[in-house]
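S.K.: Below you'll find upload.pdb; it's PDB, C-alpha atoms.
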```
ATOM      1  CA  MET B   4       0.000   0.000   0.000
ATOM      2  CA  ASN B   5       1.038   3.571  -0.549
ATOM      3  CA  THR B   6       1.655   6.040   2.219
ATOM      4  CA  ASP B   7      -1.276   7.039   4.368
ATOM      5  CA  SER B   8      -2.758  10.141   2.767
ATOM      6  CA  ARG B   9      -6.154   9.991   4.482
ATOM      7  CA  PRO B  10      -7.560  13.275   5.768
ATOM      8  CA  VAL B  11      -7.117  13.609   9.509
ATOM      9  CA  PRO B  12     -10.422  14.481  11.198
ATOM     10  CA  ALA B  13     -10.363  17.523  13.459
ATOM     11  CA  LEU B  14     -10.186  16.855  17.175
ATOM     12  CA  THR B  15     -12.164  19.983  17.997
ATOM     13  CA  GLY B  16     -14.750  21.977  16.132
ATOM     14  CA  GLY B  17     -18.369  22.002  15.192
ATOM     15  CA  GLU B  18     -20.540  18.926  14.920
ATOM     16  CA  ARG B  19     -21.013  19.144  11.169
ATOM     17  CA  GLU B  20     -17.328  19.592  10.442
ATOM     18  CA  MET B  21     -16.476  16.649  12.678
ATOM     19  CA  LEU B  22     -19.069  14.398  11.056
ATOM     20  CA  ARG B  23     -17.849  15.401   7.605
ATOM     21  CA  GLY B  24     -14.216  14.835   8.651
ATOM     22  CA  PHE B  25     -14.815  11.370  10.059
ATOM     23  CA  LEU B  26     -16.947  10.342   7.075
ATOM     24  CA  ASP B  27     -14.213  11.473   4.676
ATOM     25  CA  PHE B  28     -11.613   9.663   6.789
ATOM     26  CA  HIS B  29     -13.554   6.404   6.519
ATOM     27  CA  ARG B  30     -14.146   6.878   2.791
ATOM     28  CA  ALA B  31     -10.404   7.343   2.328
ATOM     29  CA  THR B  32      -9.721   4.262   4.466
ATOM     30  CA  LEU B  33     -11.753   2.103   2.077
ATOM     31  CA  ALA B  34      -9.850   3.508  -0.901
ATOM     32  CA  MET B  35      -6.537   2.930   0.880
ATOM     33  CA  LYS B  36      -7.436  -0.712   1.592
ATOM     34  CA  CYS B  37      -7.903  -1.239  -2.158
ATOM     35  CA  GLU B  38      -4.795   0.620  -3.370
ATOM     36  CA  GLY B  39      -2.383  -1.215  -5.615
ATOM     37  CA  LEU B  40      -4.523  -4.297  -6.199
ATOM     38  CA  THR B  41      -5.492  -5.819  -9.525
ATOM     39  CA  ASP B  42      -9.112  -6.388 -10.497
ATOM     40  CA  GLU B  43      -8.624 -10.087  -9.797
ATOM     41  CA  GLN B  44      -7.354  -9.331  -6.280
ATOM     42  CA  LEU B  45     -10.175  -6.852  -5.666
ATOM     43  CA  ARG B  46     -12.681  -9.559  -6.646
ATOM     44  CA  GLN B  47     -11.121 -12.185  -4.346
ATOM     45  CA  ARG B  48     -13.862 -13.519  -2.069
ATOM     46  CA  SER B  49     -13.537 -13.800   1.675
ATOM     47  CA  SER B  50     -14.918 -17.286   2.078
ATOM     48  CA  PRO B  51     -17.051 -18.700  -0.720
ATOM     49  CA  PRO B  52     -19.959 -19.066  -1.154
ATOM     50  CA  SER B  53     -20.027 -15.534   0.307
ATOM     51  CA  THR B  54     -19.615 -12.936  -2.421
ATOM     52  CA  LEU B  55     -17.877 -10.499  -0.034
ATOM     53  CA  SER B  56     -14.815  -8.927  -1.652
ATOM     54  CA  LEU B  57     -13.106  -5.546  -1.598
ATOM     55  CA  LEU B  58     -14.700  -4.706  -4.935
ATOM     56  CA  GLY B  59     -18.075  -5.813  -3.606
ATOM     57  CA  LEU B  60     -17.623  -3.493  -0.617
ATOM     58  CA  VAL B  61     -16.841  -0.558  -2.919
ATOM     59  CA  ARG B  62     -19.970  -1.315  -4.954
ATOM     60  CA  HIS B  63     -22.081  -1.750  -1.810
ATOM     61  CA  LEU B  64     -20.895   1.549  -0.351
ATOM     62  CA  ALA B  65     -21.712   3.295  -3.632
ATOM     63  CA  GLU B  66     -25.283   2.029  -3.147
ATOM     64  CA  VAL B  67     -25.285   3.168   0.490
ATOM     65  CA  GLU B  68     -24.151   6.682  -0.464
ATOM     66  CA  ARG B  69     -26.689   6.808  -3.302
ATOM     67  CA  THR B  70     -29.572   5.646  -1.140
ATOM     68  CA  TRP B  71     -29.020   7.711   1.982
ATOM     69  CA  PHE B  72     -28.016  10.996   0.404
ATOM     70  CA  ARG B  73     -29.712  11.041  -2.991
ATOM     71  CA  LYS B  74     -32.875   9.043  -2.338
ATOM     72  CA  VAL B  75     -33.519   9.746   1.348
ATOM     73  CA  ILE B  76     -32.211  13.279   1.919
ATOM     74  CA  ASN B  77     -32.520  14.675  -1.619
ATOM     75  CA  GLY B  78     -35.747  12.818  -2.489
ATOM     76  CA  GLU B  79     -34.471  11.629  -5.886
ATOM     77  CA  ASP B  80     -36.497   8.922  -7.623
ATOM     78  CA  ILE B  81     -33.625   6.676  -8.717
ATOM     79  CA  THR B  82     -32.870   2.973  -8.647
ATOM     80  CA  LEU B  83     -29.787   1.352  -7.223
ATOM     81  CA  VAL B  84     -26.716   1.272  -9.455
ATOM     82  CA  TRP B  85     -26.534  -2.528  -9.668
ATOM     83  CA  SER B  86     -30.152  -3.517  -9.040
ATOM     84  CA  GLU B  87     -33.248  -1.916 -10.493
ATOM     85  CA  ASP B  88     -35.451  -3.878  -8.086
ATOM     86  CA  GLY B  89     -33.721  -2.662  -4.913
ATOM     87  CA  ASP B  90     -31.639  -5.755  -4.095
ATOM     88  CA  TYR B  91     -28.743  -4.397  -2.029
ATOM     89  CA  GLN B  92     -27.012  -7.793  -2.128
ATOM     90  CA  ALA B  93     -26.511  -7.526  -5.904
ATOM     91  CA  ALA B  94     -23.677  -5.036  -5.429
ATOM     92  CA  TYR B  95     -21.654  -7.560  -3.441
ATOM     93  CA  ASP B  96     -21.377  -9.900  -6.423
ATOM     94  CA  ALA B  97     -18.439  -8.356  -8.271
ATOM     95  CA  THR B  98     -17.770 -11.463 -10.375
ATOM     96  CA  ASP B  99     -17.724  -9.557 -13.667
ATOM     97  CA  ALA B 100     -16.936  -6.103 -12.264
ATOM     98  CA  THR B 101     -13.848  -4.019 -12.816
ATOM     99  CA  GLY B 102     -12.143  -1.743 -10.346
ATOM    100  CA  ALA B 103     -12.408   1.161 -12.771
ATOM    101  CA  GLU B 104     -16.183   0.778 -13.086
ATOM    102  CA  ALA B 105     -16.801   0.262  -9.370
ATOM    103  CA  PHE B 106     -14.557   3.097  -8.219
ATOM    104  CA  ALA B 107     -16.020   5.481 -10.813
ATOM    105  CA  ALA B 108     -19.540   4.722  -9.550
ATOM    106  CA  TRP B 109     -18.492   5.007  -5.902
ATOM    107  CA  GLN B 110     -16.613   8.274  -6.432
ATOM    108  CA  ALA B 111     -19.560   9.728  -8.358
ATOM    109  CA  GLU B 112     -21.916   8.852  -5.496
ATOM    110  CA  VAL B 113     -19.510  10.290  -2.910
ATOM    111  CA  GLU B 114     -19.429  13.548  -4.888
ATOM    112  CA  HIS B 115     -23.251  13.643  -5.004
ATOM    113  CA  SER B 116     -23.318  13.022  -1.249
ATOM    114  CA  ARG B 117     -20.837  15.804  -0.558
ATOM    115  CA  ARG B 118     -22.801  18.217  -2.743
ATOM    116  CA  ILE B 119     -26.073  17.366  -0.986
ATOM    117  CA  GLU B 120     -24.554  17.654   2.479
ATOM    118  CA  LEU B 121     -22.858  20.979   1.710
ATOM    119  CA  ALA B 122     -26.075  22.411   0.239
ATOM    120  CA  ALA B 123     -28.182  21.467   3.270
ATOM    121  CA  PRO B 124     -28.769  24.431   5.563
ATOM    122  CA  SER B 125     -28.318  22.297   8.692
ATOM    123  CA  LEU B 126     -27.982  18.795  10.066
ATOM    124  CA  ASP B 127     -31.664  19.002  10.976
ATOM    125  CA  VAL B 128     -32.737  18.676   7.320
ATOM    126  CA  THR B 129     -34.857  15.531   7.023
ATOM    127  CA  GLY B 130     -35.775  13.011   4.394
ATOM    128  CA  TYR B 131     -37.989   9.964   4.330
ATOM    129  CA  GLN B 132     -36.439   6.506   4.786
ATOM    130  CA  PRO B 133     -39.071   4.071   3.439
ATOM    131  CA  ARG B 134     -37.418   0.976   4.931
ATOM    132  CA  TRP B 135     -37.849   2.515   8.383
ATOM    133  CA  GLU B 136     -41.115   4.288   7.500
ATOM    134  CA  ALA B 137     -39.714   7.386   9.191
ATOM    135  CA  GLU B 138     -38.264  10.817   8.662
ATOM    136  CA  VAL B 139     -34.525  10.894   9.357
ATOM    137  CA  SER B 140     -32.176  13.833   9.759
ATOM    138  CA  LEU B 141     -29.027  14.559   7.796
ATOM    139  CA  ARG B 142     -27.247  14.147  11.151
ATOM    140  CA  LEU B 143     -28.486  10.564  11.415
ATOM    141  CA  VAL B 144     -27.534   9.885   7.788
ATOM    142  CA  MET B 145     -23.976  11.070   8.348
ATOM    143  CA  LEU B 146     -23.691   9.049  11.556
ATOM    144  CA  HIS B 147     -25.150   6.013   9.806
ATOM    145  CA  LEU B 148     -22.627   6.278   6.979
ATOM    146  CA  ILE B 149     -19.730   6.625   9.415
ATOM    147  CA  HIS B 150     -20.973   3.442  11.094
ATOM    148  CA  GLU B 151     -21.429   1.689   7.734
ATOM    149  CA  TYR B 152     -17.926   2.568   6.539
ATOM    150  CA  ALA B 153     -16.285   1.740   9.874
ATOM    151  CA  ARG B 154     -17.933  -1.691   9.937
ATOM    152  CA  HIS B 155     -17.052  -2.468   6.338
ATOM    153  CA  ASN B 156     -13.529  -1.136   6.728
ATOM    154  CA  GLY B 157     -13.101  -3.821   9.373
ATOM    155  CA  HIS B 158     -14.107  -6.368   6.736
ATOM    156  CA  ALA B 159     -11.683  -4.689   4.322
ATOM    157  CA  ASP B 160      -8.852  -5.186   6.842
ATOM    158  CA  PHE B 161      -9.357  -8.946   6.792
ATOM    159  CA  LEU B 162      -9.905  -9.094   3.039
ATOM    160  CA  ARG B 163      -6.709  -7.159   2.308
ATOM    161  CA  GLU B 164      -4.647  -9.263   4.705
ATOM    162  CA  ALA B 165      -5.899 -12.442   3.013
ATOM    163  CA  ILE B 166      -4.936 -11.085  -0.410
ATOM    164  CA  ASP B 167      -1.362  -9.972   0.194
ATOM    165  CA  GLY B 168      -0.666  -9.894   3.916
ATOM    166  CA  VAL B 169      -0.936  -6.101   4.222
ATOM    167  CA  VAL B 170      -2.300  -5.064   7.604
ATOM    168  CA  GLY B 171      -2.832  -1.828   9.500
ATOM    169  CA  ALA B 172      -4.761   1.413   9.378
TER     170      ALA B 172
END
```
Written as structure tokens, how would this file's structure read?
M.R.:
Amino acid sequence: MNTDSRPVPALTGGEREMLRGFLDFHRATLAMKCEGLTDEQLRQRSSPPSTLSLLGLVRHLAEVERTWFRKVINGEDITLVWSEDGDYQAAYDATDATGAEAFAAWQAEVEHSRRIELAAPSLDVTGYQPRWEAEVSLRLVMLHLIHEYARHNGHADFLREAIDGVVGA
């Protein structure tokens, strides 16, 4: 892996800046875990028949970004990237995927998310989450994504170590 160039979240400051900083830190951690690997390595599964792979995690997190920021907070009427019928598991199957395609989709969704968050007047902005049948705040969405990335970055640690022995961060 290359040197650690992840943004360092602030240790003091406002709530929104801290949430943004930690979310960006975790996004960068996922990218770092995938650095320098071939498409074949990125598609390597954790323990078949599970389809969990680094590339599957990138695709899944693109769907998570898309759903929580674009659909829930921004109210966009869009389907998932890899499943028109809303099957979140479809993204995990990266059998025929390429790193270029998955990272382009993920980075595009991250940019949409950043734009939506920056445009929101406050963390109290709400959107409707149909799976929960509830209004949720931008604050909750940012916290949820930090949780989602942190959990999956733990998976990425194990996946990367199994591929080439690289550990840490």
S.K.: CA of Leu64 in chain B and CA of Phe28 in chain B, how far apart in Å?
M.R.: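 Result for CA of Phe28 in chain B versus CA of Leu64 in chain B: 14.2 Å, one decimal.
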S.K.: So which one's closest to Leu162 in chain B, B:Ala65, B:Val128, B:Val11, B:Leu45? Using all atoms listed in the file, please.
M.R.: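 Smallest separation from Leu162 in chain B among the options: B:Leu45.
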S.K.: Name the residues that the PyMOL selection byres ((chain B and resi 113) around 12) pulls out of this structure, and write them as a PyMOL selection string.
M.R.: chain B and resi 23+26-27+29-31+34+61-62+64-73+106-112+114-120+148
S.K.: In terms of the shortest atom-to-atom distance over all atoms listed in the file, which of B:Ile149, B:Ala93, B:Ala165, B:Ile76 is closest to Thr129 in chain B?
M.R.: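 Result for the nearest residue to Thr129 in chain B: B:Ile76.
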S.K.: List the residues selected by the PyMOL selection byres ((chain B and resi 167) around 12) in the file shown, writing them as a PyMOL selection string.
M.R.: chain B and resi 4+36-41+44-45+47+160-166+168-170
S.K.: Using all atoms listed in the file, which residue out of B:Ala122, B:Gly157, B:Leu58, B:His147 lies closest to Asn77 in chain B?
M.R.: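 When distances to Asn77 in chain B are compared using all atoms listed in the file, the smallest one comes from B:Ala122.
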S.K.: Using all atoms listed in the file, which residue out of B:Thr15, B:Ser53, B:Ser125, B:Gln132 lies closest to Gln92 in chain B?
M.R.: B:Ser53
S.K.: Report, as lines of an AutoDock Vina configuration file, the axis-aligned box around all atoms of range 48-55 of chain B present in the file, extended by 5 Å on each side; give centre and edge lengths in Å to one decimal place.
M.R.:
```
center_x = -16.8
center_y = -14.8
center_z = -0.2
size_x = 16.5
size_y = 18.6
size_z = 14.5
```
S.K.: Between B:Lys74, B:Arg134, B:His63, B:Arg9, which one has atoms that come closest to Tyr152 in chain B, using all atoms listed in the file?
M.R.: B:His63
S.K.: So what do you get for CA of Ala13 in chain B versus CA of Ala159 in chain B, distance-wise?
M.R.: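 Between CA of Ala13 in chain B and CA of Ala159 in chain B the gap is 24.1 Å.
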S.K.: Can you measure CA of Asp96 in chain B to CA of Thr54 in chain B for me? One decimal in Å is fine.
M.R.: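 Computed distance, CA of Asp96 in chain B to CA of Thr54 in chain B, equals 5.3 Å.
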S.K.: Find the residues around Arg46 in chain B up to 8 Å (all atoms listed in the file counted), leave out those fewer than 2 positions away in its own chain, and share them as a list of chain:residue names.
M.R.: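 My list of contacting residues is B:Asp42, B:Glu43, B:Gln44, B:Arg48, B:Ser56, B:Leu57, B:Leu58, B:Gly59, B:Ala97, B:Thr98, B:Ala100.
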S.K.: Quick one: residues within 12 Å of Asp127 in chain B, only C-alpha atoms, excluding same-chain residues fewer than 3 positions away - as an MDAnalysis selection string?
M.R.: chainID B and resid 18:19 76 120 123:124 130 138:145
